[in-house]
Structure formats: structure tokens, C-alpha cells
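The structure file target.txt is reproduced below (compact mmCIF, C-alpha atoms and all ligand atoms).
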# COMPACT_ATOMS: atom_id res chain seq x y z
CA MET A 1 -16.64 -5.42 52.76
CA ARG A 2 -17.29 -2.94 55.53
CA TRP A 3 -20.68 -3.03 57.26
CA GLN A 4 -21.64 -6.24 55.48
CA ARG A 5 -25.33 -5.96 56.30
CA VAL A 6 -25.52 -2.96 54.02
CA ILE A 7 -25.23 -3.68 50.30
CA GLY A 8 -22.91 -1.32 48.40
CA GLN A 9 -23.20 2.38 49.39
CA GLU A 10 -19.44 2.65 49.88
CA HIS A 11 -19.50 6.44 49.63
CA ALA A 12 -22.11 6.81 52.38
CA LYS A 13 -20.39 4.18 54.54
CA GLU A 14 -17.12 6.04 54.21
CA ILE A 15 -18.67 9.27 55.49
CA LEU A 16 -20.36 7.61 58.46
CA ILE A 17 -17.40 5.41 59.41
CA SER A 18 -15.06 8.35 59.26
CA ALA A 19 -17.44 10.40 61.43
CA ILE A 20 -17.37 7.69 64.11
CA ARG A 21 -13.60 7.29 63.93
CA ARG A 22 -12.98 11.02 64.21
CA ASP A 23 -15.68 11.33 66.86
CA ARG A 24 -17.37 13.99 64.76
CA ILE A 25 -20.91 12.72 64.54
CA ALA A 26 -23.35 15.24 63.12
CA HIS A 27 -26.36 16.39 65.07
CA ALA A 28 -28.57 15.34 62.14
CA TYR A 29 -28.26 13.47 58.85
CA CYS A 30 -30.47 13.17 55.84
CA LEU A 31 -29.88 9.97 53.85
CA TRP A 32 -31.54 10.46 50.51
CA GLY A 33 -31.76 8.53 47.24
CA PRO A 34 -34.03 6.15 45.31
CA GLU A 35 -36.34 3.65 47.00
CA GLY A 36 -34.99 0.28 48.07
CA VAL A 37 -31.26 1.13 47.94
CA GLY A 38 -30.69 0.69 51.68
CA LYS A 39 -31.05 4.10 53.38
CA ASP A 40 -32.80 2.64 56.44
CA ALA A 41 -30.37 -0.28 56.44
CA LEU A 42 -27.49 2.18 56.57
CA ALA A 43 -29.09 4.23 59.36
CA ILE A 44 -29.77 1.09 61.41
CA GLU A 45 -26.21 -0.18 60.94
CA PHE A 46 -24.84 3.23 61.95
CA ALA A 47 -26.95 3.06 65.12
CA ARG A 48 -25.72 -0.48 65.79
CA VAL A 49 -22.05 0.44 65.48
CA LEU A 50 -22.52 3.59 67.59
CA ASN A 51 -24.07 1.54 70.39
CA CYS A 52 -22.00 -1.66 70.27
CA SER A 53 -20.11 -1.93 73.57
CA GLU A 54 -17.20 -3.87 72.06
CA PRO A 55 -16.80 -2.63 68.51
CA ILE A 56 -14.09 -4.17 66.35
CA VAL A 57 -11.75 -1.40 65.32
CA SER A 58 -8.94 -1.59 62.77
CA THR A 59 -7.42 0.76 60.26
CA GLU A 60 -10.21 2.33 58.22
CA ARG A 61 -12.86 0.18 59.84
CA ILE A 62 -15.17 -0.01 62.77
CA GLU A 63 -17.65 -2.86 63.00
CA ALA A 64 -20.30 -3.87 65.53
CA CYS A 65 -19.27 -7.08 67.35
CA GLY A 66 -22.68 -8.73 66.88
CA ARG A 67 -22.42 -10.47 70.27
CA CYS A 68 -22.67 -7.90 73.06
CA LYS A 69 -25.92 -7.09 74.83
CA ASP A 70 -26.35 -3.92 72.78
CA CYS A 71 -25.90 -5.73 69.48
CA LEU A 72 -28.46 -8.34 70.56
CA GLN A 73 -30.95 -5.63 71.47
CA MET A 74 -30.29 -3.94 68.15
CA SER A 75 -30.93 -7.17 66.28
CA ASN A 76 -34.56 -6.90 67.45
CA LEU A 77 -34.62 -3.12 67.01
CA GLN A 78 -35.26 -2.98 70.76
CA HIS A 79 -32.26 -0.98 71.89
CA PRO A 80 -33.20 1.71 74.43
CA ASN A 81 -30.98 4.26 72.66
CA VAL A 82 -32.46 3.71 69.23
CA ARG A 83 -35.86 4.74 67.97
CA LEU A 84 -37.35 4.09 64.55
CA VAL A 85 -40.18 6.42 63.57
CA PHE A 86 -42.45 5.62 60.63
CA SER A 87 -45.95 6.31 59.33
CA LEU A 88 -48.80 5.11 61.54
CA PRO A 89 -52.50 4.90 60.81
CA ALA A 90 -54.68 7.79 61.93
CA ALA A 91 -56.01 7.13 65.42
CA GLY A 92 -59.33 8.03 66.98
CA LYS A 93 -59.99 11.35 68.67
CA GLY A 94 -57.69 12.46 71.44
CA SER A 95 -54.94 14.91 72.21
CA ASP A 96 -51.87 15.32 70.01
CA ASP A 97 -49.88 15.01 73.21
CA ASP A 98 -50.87 11.39 73.65
CA SER A 99 -48.34 8.77 72.69
CA PRO A 100 -48.95 7.92 69.03
CA LEU A 101 -49.79 4.35 69.98
CA VAL A 102 -52.34 5.09 72.72
CA ARG A 103 -55.34 5.39 70.48
CA LEU A 104 -54.61 2.56 68.06
CA SER A 105 -56.53 -0.70 68.13
CA ASP A 106 -54.95 -3.91 69.40
CA ASP A 107 -54.93 -5.24 65.86
CA HIS A 108 -52.96 -2.24 64.70
CA ILE A 109 -50.47 -2.57 67.54
CA ALA A 110 -49.96 -6.25 66.71
CA LEU A 111 -49.45 -5.36 63.06
CA ILE A 112 -46.93 -2.66 63.93
CA GLN A 113 -44.97 -5.09 66.10
CA GLU A 114 -44.98 -7.63 63.32
CA GLN A 115 -43.70 -5.05 60.82
CA LEU A 116 -40.96 -3.95 63.23
CA ALA A 117 -39.86 -7.55 63.66
CA LEU A 118 -39.66 -7.91 59.86
CA LYS A 119 -37.63 -4.71 59.64
CA ALA A 120 -35.29 -5.94 62.38
CA HIS A 121 -34.80 -9.21 60.51
CA ASP A 122 -34.34 -7.48 57.16
CA PRO A 123 -33.53 -3.74 57.17
CA TYR A 124 -34.53 -3.64 53.47
CA HIS A 125 -38.09 -4.50 54.39
CA ASP A 126 -40.56 -1.75 53.53
CA ILE A 127 -42.74 -1.23 56.58
CA SER A 128 -46.29 -1.30 55.34
CA ILE A 129 -49.29 -0.78 57.56
CA PRO A 130 -52.75 -0.24 56.01
CA ASN A 131 -53.84 3.40 56.01
CA ALA A 132 -50.49 4.55 57.35
CA THR A 133 -49.40 7.27 54.99
CA GLN A 134 -48.30 10.02 57.35
CA ILE A 135 -45.90 10.63 60.18
CA ARG A 136 -48.04 12.68 62.53
CA ILE A 137 -47.20 15.26 65.13
CA ALA A 138 -47.91 12.84 68.00
CA SER A 139 -44.98 10.67 66.86
CA ILE A 140 -42.59 13.62 66.71
CA ARG A 141 -43.78 15.06 70.04
CA ASP A 142 -43.18 11.65 71.56
CA VAL A 143 -39.59 11.66 70.26
CA ARG A 144 -39.08 15.19 71.53
CA ARG A 145 -40.36 14.30 74.99
CA THR A 146 -38.06 11.29 75.20
CA LEU A 147 -35.05 13.38 74.17
CA GLN A 148 -35.89 16.09 76.71
CA LEU A 149 -36.62 13.82 79.63
CA SER A 150 -33.91 11.20 79.40
CA ALA A 151 -30.23 10.91 78.61
CA PRO A 152 -28.65 8.27 76.38
CA LEU A 153 -27.26 5.21 78.12
CA ALA A 154 -23.78 5.53 79.60
CA HIS A 155 -21.96 4.50 76.46
CA GLY A 156 -23.24 4.84 72.94
CA TRP A 157 -25.42 7.33 71.17
CA ARG A 158 -29.07 7.98 71.00
CA VAL A 159 -30.20 7.56 67.42
CA VAL A 160 -33.63 8.57 66.14
CA ILE A 161 -34.35 7.35 62.63
CA ILE A 162 -37.28 8.98 60.84
CA SER A 163 -37.95 6.56 57.99
CA GLU A 164 -39.39 8.11 54.80
CA ALA A 165 -39.34 11.47 56.58
CA ASP A 166 -41.14 13.17 53.69
CA ALA A 167 -44.31 11.54 55.08
CA MET A 168 -44.24 13.98 58.01
CA THR A 169 -47.28 16.24 58.06
CA ILE A 170 -46.60 19.99 58.11
CA GLU A 171 -47.27 20.07 61.86
CA ALA A 172 -44.97 17.11 62.42
CA ALA A 173 -42.24 18.77 60.32
CA ASN A 174 -42.54 21.97 62.36
CA ALA A 175 -42.28 20.04 65.61
CA PHE A 176 -39.27 18.20 64.19
CA LEU A 177 -37.62 21.47 63.29
CA LYS A 178 -37.86 22.54 66.95
CA THR A 179 -36.27 19.23 67.98
CA LEU A 180 -33.45 19.85 65.53
CA GLU A 181 -32.81 23.25 67.06
CA GLU A 182 -32.53 21.95 70.61
CA PRO A 183 -29.17 20.66 71.84
CA HIS A 184 -29.10 17.02 72.93
CA ALA A 185 -25.97 15.31 74.21
CA ARG A 186 -24.74 12.29 72.23
CA THR A 187 -27.82 12.24 70.04
CA THR A 188 -28.09 12.05 66.28
CA LEU A 189 -31.27 12.38 64.27
CA ILE A 190 -31.39 10.61 60.92
CA LEU A 191 -33.95 11.29 58.23
CA THR A 192 -34.26 8.89 55.32
CA THR A 193 -36.15 9.86 52.20
CA SER A 194 -36.61 9.01 48.54
CA ARG A 195 -38.37 12.35 48.01
CA ARG A 196 -35.93 14.88 49.36
CA ASP A 197 -37.66 17.72 47.52
CA GLN A 198 -40.72 17.13 49.72
CA LEU A 199 -38.80 18.05 52.87
CA PRO A 200 -38.77 21.67 54.03
CA PRO A 201 -35.46 23.45 53.23
CA THR A 202 -35.34 24.65 56.85
CA ILE A 203 -35.00 21.01 57.93
CA LEU A 204 -32.61 19.99 55.16
CA SER A 205 -30.25 22.88 55.85
CA ARG A 206 -29.77 21.63 59.42
CA CYS A 207 -28.84 18.10 58.34
CA GLN A 208 -25.69 16.70 56.83
CA GLN A 209 -27.02 15.30 53.58
CA ILE A 210 -25.66 12.01 52.30
CA HIS A 211 -26.65 10.63 48.93
CA CYS A 212 -27.36 6.91 48.65
CA GLY A 213 -27.40 6.08 44.96
CA ALA A 214 -28.81 3.19 42.92
CA LEU A 215 -26.98 -0.08 43.57
CA SER A 216 -24.87 -1.71 40.88
CA ASP A 217 -26.27 -4.81 39.16
CA ASP A 218 -23.28 -6.79 40.45
CA ASP A 219 -23.94 -5.79 44.07
CA ILE A 220 -27.62 -6.68 43.76
CA ALA A 221 -26.89 -10.02 42.08
CA ALA A 222 -24.33 -10.98 44.74
CA ALA A 223 -26.74 -10.05 47.54
CA LEU A 224 -29.56 -12.09 45.94
CA VAL A 225 -27.35 -15.16 45.77
CA GLU A 226 -26.25 -14.72 49.37
CA ARG A 227 -29.45 -13.58 51.06
CA GLU A 228 -32.26 -15.02 48.95
CA ASN A 229 -30.68 -18.28 47.77
CA VAL A 230 -31.13 -17.34 44.14
CA SER A 231 -28.97 -19.03 41.49
CA PRO A 232 -26.29 -16.75 40.02
CA ASP A 233 -27.92 -16.94 36.56
CA ARG A 234 -31.32 -15.84 37.76
CA ALA A 235 -29.78 -13.26 40.09
CA ARG A 236 -28.08 -11.53 37.15
CA VAL A 237 -31.32 -11.19 35.20
CA ILE A 238 -33.28 -9.97 38.21
CA ALA A 239 -30.54 -7.50 39.12
CA ALA A 240 -30.76 -6.06 35.62
CA LEU A 241 -34.54 -5.74 36.05
CA ALA A 242 -34.39 -4.14 39.48
CA GLN A 243 -32.88 -0.85 38.31
CA GLY A 244 -30.64 -0.34 41.30
CA SER A 245 -33.21 -1.20 43.98
CA PHE A 246 -32.54 -4.21 46.17
CA ARG A 247 -36.08 -4.11 47.51
CA ARG A 248 -37.46 -4.30 43.98
CA ALA A 249 -35.12 -7.21 43.25
CA VAL A 250 -36.43 -9.13 46.25
CA GLU A 251 -40.03 -8.43 45.23
CA LEU A 252 -39.26 -9.86 41.80
CA VAL A 253 -37.65 -12.96 43.33
CA ARG A 254 -40.66 -13.56 45.56
CA SER A 255 -43.19 -13.02 42.80
CA SER A 256 -41.28 -15.51 40.57
CA GLN A 257 -42.45 -13.39 37.72
CA ASP A 258 -39.17 -13.30 35.87
CA ASP A 259 -39.27 -16.82 34.45
CA ASP A 260 -42.66 -16.66 32.74
CA SER A 261 -42.01 -13.10 31.72
CA SER A 262 -38.74 -13.94 29.95
CA GLU A 263 -40.53 -16.58 27.95
CA LEU A 264 -43.37 -14.19 27.17
CA ALA A 265 -40.96 -11.44 26.10
CA LEU A 266 -39.29 -13.77 23.61
CA THR A 267 -42.61 -15.12 22.35
CA PHE A 268 -43.70 -11.55 21.72
CA LEU A 269 -40.50 -10.82 19.79
CA ARG A 270 -40.74 -14.03 17.75
CA THR A 271 -44.34 -13.31 16.88
CA ALA A 272 -43.57 -9.74 15.86
CA LEU A 273 -40.80 -11.00 13.55
CA LYS A 274 -42.79 -13.74 11.82
CA PRO A 275 -42.25 -13.46 8.07
CA SER A 276 -45.96 -13.51 7.27
CA ARG A 277 -49.41 -13.34 8.83
CA TYR A 278 -48.01 -12.14 12.14
CA GLN A 279 -50.94 -9.85 12.91
CA ASN A 280 -53.53 -12.41 13.95
CA GLU A 281 -51.06 -14.24 16.08
CA LEU A 282 -49.88 -11.01 17.66
CA HIS A 283 -53.41 -9.93 18.54
CA GLY A 284 -54.11 -13.39 19.95
CA LEU A 285 -50.97 -13.25 22.08
CA ILE A 286 -51.83 -9.81 23.40
CA GLU A 287 -55.43 -10.76 24.18
CA ARG A 288 -54.84 -14.18 25.66
CA ARG A 289 -51.69 -13.61 27.63
CA ILE A 290 -50.45 -10.05 27.90
CA ALA A 291 -53.76 -8.29 28.53
CA THR A 292 -54.38 -10.54 31.54
CA LEU A 293 -51.36 -9.02 33.29
CA ASP A 294 -51.39 -5.73 35.14
CA ARG A 295 -49.45 -2.74 33.87
CA GLN A 296 -46.50 -3.34 36.17
CA GLN A 297 -46.20 -6.97 35.08
CA ILE A 298 -46.29 -5.93 31.43
CA ALA A 299 -43.54 -3.42 32.16
CA VAL A 300 -41.48 -6.31 33.56
CA VAL A 301 -42.01 -8.27 30.32
CA LEU A 302 -40.86 -5.29 28.26
CA ARG A 303 -37.88 -4.64 30.53
CA LEU A 304 -36.82 -8.25 30.07
CA LEU A 305 -37.08 -7.77 26.32
CA LEU A 306 -34.93 -4.66 26.71
CA ILE A 307 -32.29 -6.50 28.75
CA TRP A 308 -32.29 -9.32 26.21
CA LEU A 309 -31.86 -6.93 23.26
CA ASN A 310 -29.09 -5.14 25.16
CA ASP A 311 -27.40 -8.52 25.54
CA ALA A 312 -27.79 -9.09 21.80
CA TYR A 313 -26.20 -5.71 21.15
CA ARG A 314 -23.25 -6.50 23.44
CA LEU A 315 -22.85 -9.91 21.89
CA ARG A 316 -22.60 -8.37 18.46
CA THR A 317 -20.33 -5.44 19.32
CA LEU A 318 -18.00 -6.68 22.08
CA SER A 319 -15.33 -9.32 21.61
CA ASP A 320 -15.53 -10.52 25.24
CA ALA A 321 -19.26 -9.96 25.61
CA SER A 322 -20.15 -13.05 27.62
CA ARG A 323 -19.09 -11.67 30.98
CA TYR A 324 -21.30 -8.62 30.48
CA LEU A 325 -24.44 -10.53 29.57
CA ALA A 326 -27.46 -10.85 31.84
CA PHE A 327 -28.70 -13.98 30.04
CA ARG A 328 -25.84 -16.48 30.07
CA GLU A 329 -27.63 -19.80 30.51
CA GLY A 330 -30.89 -21.44 29.54
CA ASP A 331 -33.37 -20.94 26.72
CA ALA A 332 -33.05 -17.17 26.59
CA ALA A 333 -29.27 -17.43 26.18
CA THR A 334 -29.59 -20.01 23.39
CA ALA A 335 -32.16 -17.81 21.66
CA LEU A 336 -29.75 -14.91 21.93
CA ARG A 337 -26.99 -16.59 19.96
CA ARG A 338 -29.38 -17.88 17.34
CA PHE A 339 -30.87 -14.42 16.95
CA ILE A 340 -27.45 -12.83 16.36
CA GLU A 341 -26.67 -15.34 13.62
CA ARG A 342 -30.01 -14.90 11.92
CA TYR A 343 -30.61 -11.16 12.01
CA THR A 344 -27.24 -9.86 10.96
CA ARG A 345 -28.70 -6.65 9.56
CA ALA A 346 -30.81 -5.76 12.58
CA ARG A 347 -30.54 -2.18 13.80
CA LEU A 348 -30.38 -3.20 17.41
CA ASP A 349 -29.88 0.27 18.85
CA ASP A 350 -33.11 1.38 17.16
CA ALA A 351 -34.91 -1.73 18.41
CA ILE A 352 -33.71 -0.99 21.94
CA GLU A 353 -34.99 2.56 21.64
CA ALA A 354 -38.37 1.27 20.44
CA VAL A 355 -38.71 -0.89 23.56
CA GLU A 356 -37.69 2.02 25.78
CA ARG A 357 -40.37 4.12 24.16
CA ALA A 358 -42.99 1.43 24.69
CA ILE A 359 -42.07 1.22 28.39
CA ALA A 360 -42.33 4.99 28.69
CA ALA A 361 -45.72 4.91 26.94
CA LEU A 362 -46.91 2.22 29.31
CA GLU A 363 -45.78 4.23 32.31
CA SER A 364 -47.63 7.28 31.07
CA ASN A 365 -50.85 5.25 30.89
CA ALA A 366 -50.97 4.59 27.16
CA GLN A 367 -53.44 1.94 26.00
CA VAL A 368 -51.71 -1.39 26.42
CA PRO A 369 -52.72 -3.19 23.17
CA LEU A 370 -51.98 -0.09 21.11
CA ALA A 371 -48.54 0.39 22.65
CA LEU A 372 -47.69 -3.27 22.05
CA VAL A 373 -48.85 -3.32 18.44
CA ALA A 374 -46.87 -0.14 17.78
CA LEU A 375 -43.84 -1.77 19.36
CA ALA A 376 -44.24 -4.89 17.22
CA VAL A 377 -44.34 -2.76 14.07
CA ARG A 378 -41.16 -0.93 15.10
CA LEU A 379 -39.39 -4.16 15.93
CA ARG A 380 -40.25 -5.52 12.47
CA ARG A 381 -38.83 -2.39 10.89
CA THR A 382 -35.65 -2.22 12.91
CA ILE A 383 -34.80 -5.89 13.15
CA GLY A 384 -36.34 -6.88 9.85
CA GLN A 385 -36.22 -10.17 8.04
CA THR A 386 -33.71 -12.92 8.47
CA THR A 387 -30.71 -12.73 6.19
CA SER A 388 -31.04 -16.39 5.31
CA SER A 389 -34.67 -16.21 4.28
CA GLN A 390 -36.62 -19.42 4.44
ZN ZN B 1 -21.64 -5.34 69.96
Could you render the structure as C-alpha cells?
Amino acid sequence: MRWQRVIGQEHAKEILISAIRRDRIAHAYCLWGPEGVGKDALAIEFARVLNCSEPIVSTERIEACGRCKDCLQMSNLQHPNVRLVFSLPAAGKGSDDDSPLVRLSDDHIALIQEQLALKAHDPYHDISIPNATQIRIASIRDVRRTLQLSAPLAHGWRVVIISEADAMTIEAANAFLKTLEEPHARTTLILTTSRRDQLPPTILSRCQQIHCGALSDDDIAAALVERENVSPDRARVIAALAQGSFRRAVELVRSSQDDDSSELALTFLRTALKPSRYQNELHGLIERRIATLDRQQIAVVLRLLLIWLNDAYRLRTLSDASRYLAFREGDAATALRRFIERYTRARLDDAIEAVERAIAALESNAQVPLALVALAVRLRRTIGQTTSSQ
């Protein structure tokens, strides 16, 4: 794999690698796409390769060596050619011409350094600093001053990465536009954003736009096994839950929510399908266990149910289903096979749609117990009774 630190994103890698190889690096790029798919990771890797003093070049490839002084500086995000700009907390009163860090408290500075170190260690890390929701004009003026007053080091390129650029205030965006219009030798400005529509068209039209799409489940699962020491079985289920976002996948791994939630999803289904007197038990389950979770955790439970039902659907319709299943081992996998044997008349596509609707209802703030009871009723209707009634 090329640029191993970056998961997937072959299309975007191809564009950037080919730009380096043809020595046709754009003045500005906008890497856009969903959250957590590796836009910053890609920008950082691009900066690393551009500044490596002994890059490894072969047909179709160019890789950073990982050993030279530049690569070592990049590994701490401390390379003099490379600047990462992100949202900072509002500072006390002062001039917009001050450096953006001048007016921040020592605690804030320490926190920012800590976040930068985490980002250097893991480019998928989401920099999060309390009360930092905007990229202010002071940050952009600071970049502009640096670009005007100094030249990039002898070899390599100056790379300014504006992470989540849509957080720029209007003033900051205007100042950035001026920067974009000025010529700078061997300099490339990279915006990353998951809300491209929030960026002014005047800025976008001056950037080469590169789409970074959702990651495949296989790419996420492989990366979880390699980077987070997750077992392949668990990695597959989490990848299916993460909806193309590696960051989301890592959050799920760290919260260890998936295990309990799988069990809860199946308990919910079993309760909903009880031949008789299911209502009391269902209400008890909702009150005692599900209602104690927050909305996002409940959505995880329902998504697991969705993945499980999708597995059931594959198992029933595909002859070589097993290699497409998320649940291949453990209790959930055993339950899957038993379910297929028992509910031969289940309308699984309708059941899947019912769960999708419940998730949508939950996301649009529907009342949790009501949405769950409605889902249980639909599951009873679509999956129905066992064929071998007992
Ligand atoms: Zn190097």
C-alpha cells in the first residue's frame, strides 16, 4: 500500500503522488469528505513526503524515508516548513495582529501542545480544546506574516494545513483569501473540511478540490487489527458500525460499547418476538436497560441490530454468505444461524427497513420508548412467529 499511514483514500493518494512526481503541486488544495476518513492524515503525509530529504522513489510511488532529520521533525509535527492551523479558544482583549497564542493562558497552551502531540502520534486524532470552535483572524494573519517574511527551507515545500477550515470566521476567511491570492514560492495551502458547503466559493474556486470518501469496512477492519490491537472478529463488527469513519471506529473500540450493545440488541429482538406476553417484558427492558443509555448509545444498539439482520439476510440469500458476514464468531453468530432456521417466513428486508426507520426517528429526536415500542411491533409483524411453533 502506498502511504501506509493513511488508510484507504487511493484516489486522493493517486492525485497527490502524481502531483509530486510531475512536480506540479497546486498552490492550494481542499480535501473534503465525511468526518474521520483521514483528510488531515492525508495532508500531513503529503507534507511529510514533500519535505523528506531522502524520499524513496520507484515507479508509481514516492514515500518518505522515515529516518532523515525532516521525517523525524515531521513525526512530532515540528517541521519548520509545516504549519497546522486549527480552532483555538477565544483569548482576552488585544490586537488581532498579536500571535494567536499570545493571549492564551498557560493552561491553554499546555493543552494545545498536548493535543498537537496526540495529533502527531495519530493523525486521525480529532484535536479538541474546550471552547475552541473557531479559527480566528489572528491565526490566519500569523500564517500570512510567516509566508511573507520567510522562505521555505532549501529543499522541500512549505505546507500550511488549515484543519476543519469551515471553522474560519468570516474575517479569517477574508484574510485567507488574500493569502491565497499572493504568490509564494514552493508553498502549498491545504484546507480540510467535512462541511465544504460552509466555505466561501471564492476560496473553493482557488483550490484544487479532492474528495476523500467514506472508508470501506474492510479497510477500517484491517486498520483496527493493525493499529488498535483489536481481534479480527470484533474489528469486522465495529467497522460495520463505523459507517466509513475510522475515527468513529476507534471511539467505539475505546468505549468498549459494542459488546454489551450486541447482547442488548439481541435481547431486544428476542423480547419483541416472544410468542406471548411480550409487552411487560419489553417495557421492563426499555426502562431498566435501554432508557439508561444516551441517544447515541441507543443508536449503536439499533445499528448493531441492523448489521445483525443484514447478516441474516445475506445468510439466507447468498450461497457463500459467510465471508460477507460481520458476525462470524461468538454468541451473535450462533444466534444468527438459529434465527434463520426458526424464522423461515420472516420478511427480513421489511424488518431491516423498520430498524432503519427507528434509527432515523431516534436521530430526529423522537421519544425513545415510543420509537422502540413501535419498532418492536414492526419486528413482530415482519419476522412473525416461528415456523415450528412451540
Ligand atoms: Zn525522510
**Asked** What's the 6 Å shell around Thr192 of chain A, counting all atoms listed in the file, without same-chain residues fewer than 2 positions away, as a PyMOL selection string?
**Response** chain A and resi 30-32+163-165
**Prompt:** Near Leu269 of chain A, within 12 Å and counting only C-alpha atoms, which residues show up once chain neighbours fewer than 2 positions away are dropped, as a VMD selection string?
**Reply:** chain A and resid 262 to 267 271 to 274 278 281 to 282 285 to 286 301 to 302 304 to 306 308 to 309 332 335 to 336 339 351 355 372 to 373 375 to 380 383 to 384
**Request:** Return as a list in words the residues of protein, DNA or RNA that approach ligand ZN 1 (chain B) to within 7 Å, with all atoms listed in the file taken into account.
**Result:** Cys52, Ser53, Glu54, Pro55, Ala64, Cys65, Gly66, Arg67, Cys68, Lys69, Asp70 and Cys71 of chain A
**Request:** Rank A:Ser139, A:Ala90, A:Pro183, A:Ile238 by their smallest atom-to-atom distance to Ala151 of chain A, using only C-alpha atoms, and report the top residue only.
**Result:** A:Pro183
**Item:** Atom pair atom CA of Ala235 of chain A / atom CA of Ala326 of chain A: separation (Å)
**Value:**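 Interatomic distance here is 8.9 Å.
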**Message:** Considering all atoms listed in the file, can you say which of A:His211, A:Arg145, A:Arg303, A:Arg195 comes closest to Gln9 of chain A?
**Reply:**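 Ranked by minimum distance to Gln9 of chain A, first place goes to A:His211.
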**Request:** Mind giving me the straight-line distance from atom CA of Leu88 of chain A to atom CA of Ser194 of chain A in Å, one decimal?
**Result:**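 According to the coordinates, atom CA of Leu88 of chain A and atom CA of Ser194 of chain A are separated by 18.2 Å.
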**Straight-line distance linking atom CA of Val230 of chain A with atom CA of Ile7 of chain A, stated in Å to one decimal** =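 Calculated distance between atom CA of Val230 of chain A and atom CA of Ile7 of chain A is 16.1 Å.
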